[in-house]
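**Student:** Pasting a structure below so you can have a look.
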Amino acid sequence: MKIVSLLSVFLFVVISCNSQKNPVGTIVKMKDIEIQYEANTRGFYNKLVLNNATISSTNDRDGKENPIVQKVSEVDLNALIQELNKVDLENLPNLKAPTEKRFYDGAAIANLKIIYKGNTYQTTDFDHGFPPMEIKRVVEIMNLLFKPEE
């Protein structure tokens with residue numbers, strides 16, 4: 001009897017763990033999503049936009065200049081998608097910044113915006129280079145995807 005009870009509890013735990021869904025769901029194709037990362041201060045501006053396997057970068061705050069567009073490899077996209085699947089998009093506005101250097105010009109003001117299937121999810125401002133832990137890898141990968149020409 002104890003074995004049957006133990007087995008049923010074990011089975012219940014395994015099934016319930018497997019049935020938990022990511023709040024975002026599985027992002028199958030990059031065409032469903034656009035990611036925007038923006039960092040700025042009085043003398044600095046950078047905006048990265050990732051969609052449809054391309055990433056664009058602009059340093060023009062007014063949007064008058066054309067952004068530089070680069071292709072993103074499938075390996076890099078898969079790495080980003082894997083990290084993005086770990087993020088609770090609904091909770092993005094509630095994330096707390098780990099530092100406050102932006103309050104005294106110690107760091108650029110940054111934010112992350114994710115547009116997924118028509119819904120927009122955006123963080124509150126945080127310090128460029130010091131994102132909240134929940135989105136740290138996503139922000140790092142976004143910044144690494146754009147390779148400035150040397």
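Going through the structure tokens in order, the chains are called A, B, and so on, while each chain numbers its residues from 1 and the ligands are numbered from 1 in the order shown.
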Using backbone DSSP assignments, extract all strand (DSSP E or B) residues from segment 26-101 of chain A; output them as a VMD selection string.
**Tutor:** chain A and resid 33 to 40 45 to 51 54 to 58 68 to 71
**Student:** Give me the residues near Glu38 of chain A as a list in words, where near means some atom within 10 Å (using only C-alpha atoms) and where sequence neighbours in that chain fewer than 5 positions away do not count.
**Tutor:**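 Those residues are Tyr45, Asn46, Lys47, Leu48, Val49, Ser57, Thr58, Asn59, Ala108, Ile109, Ala110, Asn111, Leu112, Lys113, Asp125 and His128 of chain A.
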**Student:** Tell me which protein, DNA and RNA residues are within 10 Å of Met142 of chain A, counting only C-alpha atoms, leaving out same-chain ones fewer than 3 positions away, and put them as a PyMOL selection string.
**Tutor:** chain A and resi 35-37+48-50+55+76-77+80+112+136-139+145-146
**Student:** Would you please work out which residue, of A:Leu92, A:Ile114, A:Leu144, A:Val72, is nearest to Glu34 of chain A when using only C-alpha atoms?
**Tutor:** A:Ile114
**Student:** Please, which residues in segment 31-107 of chain A fall within 8 Å of segment 120-123 of chain A when counting only C-alpha atoms, and what is the closest atom pair and distance in Å to one decimal for each, ordered by chain then residue number, as JSON lines?
**Tutor:**
```
{"residue": "A:Leu89", "atom": "CA", "partner": "A:Tyr121", "partner_atom": "CA", "distance": 6.2}
{"residue": "A:Glu90", "atom": "CA", "partner": "A:Tyr121", "partner_atom": "CA", "distance": 6.8}
{"residue": "A:Leu92", "atom": "CA", "partner": "A:Thr123", "partner_atom": "CA", "distance": 4.9}
{"residue": "A:Pro93", "atom": "CA", "partner": "A:Thr123", "partner_atom": "CA", "distance": 4.5}
{"residue": "A:Asn94", "atom": "CA", "partner": "A:Thr123", "partner_atom": "CA", "distance": 7.3}
{"residue": "A:Leu95", "atom": "CA", "partner": "A:Thr123", "partner_atom": "CA", "distance": 6.8}
```
**Student:** Would you write out those residues with C-alpha atoms, as a PDB file, in the first residue's frame?
**Tutor:**
```pdb
ATOM      1  CA  LEU A  89       6.644  39.035 -20.261  1.00  0.00           C
ATOM      2  CA  GLU A  90       3.664  40.026 -18.130  1.00  0.00           C
ATOM      3  CA  LEU A  92       8.422  43.091 -17.292  1.00  0.00           C
ATOM      4  CA  PRO A  93       6.986  46.396 -15.973  1.00  0.00           C
ATOM      5  CA  ASN A  94       7.456  45.174 -12.391  1.00  0.00           C
ATOM      6  CA  LEU A  95      11.164  44.346 -12.612  1.00  0.00           C
TER       7      LEU A  95
END
```
**Student:** When distances are computed from only C-alpha atoms, which of A:Gly63, A:Gly43, A:Pro148, A:Pro132 shows the smallest separation from Lys96 of chain A?
**Tutor:**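 Between A:Gly63, A:Gly43, A:Pro148, A:Pro132, the residue approaching Lys96 of chain A most closely is A:Pro132.
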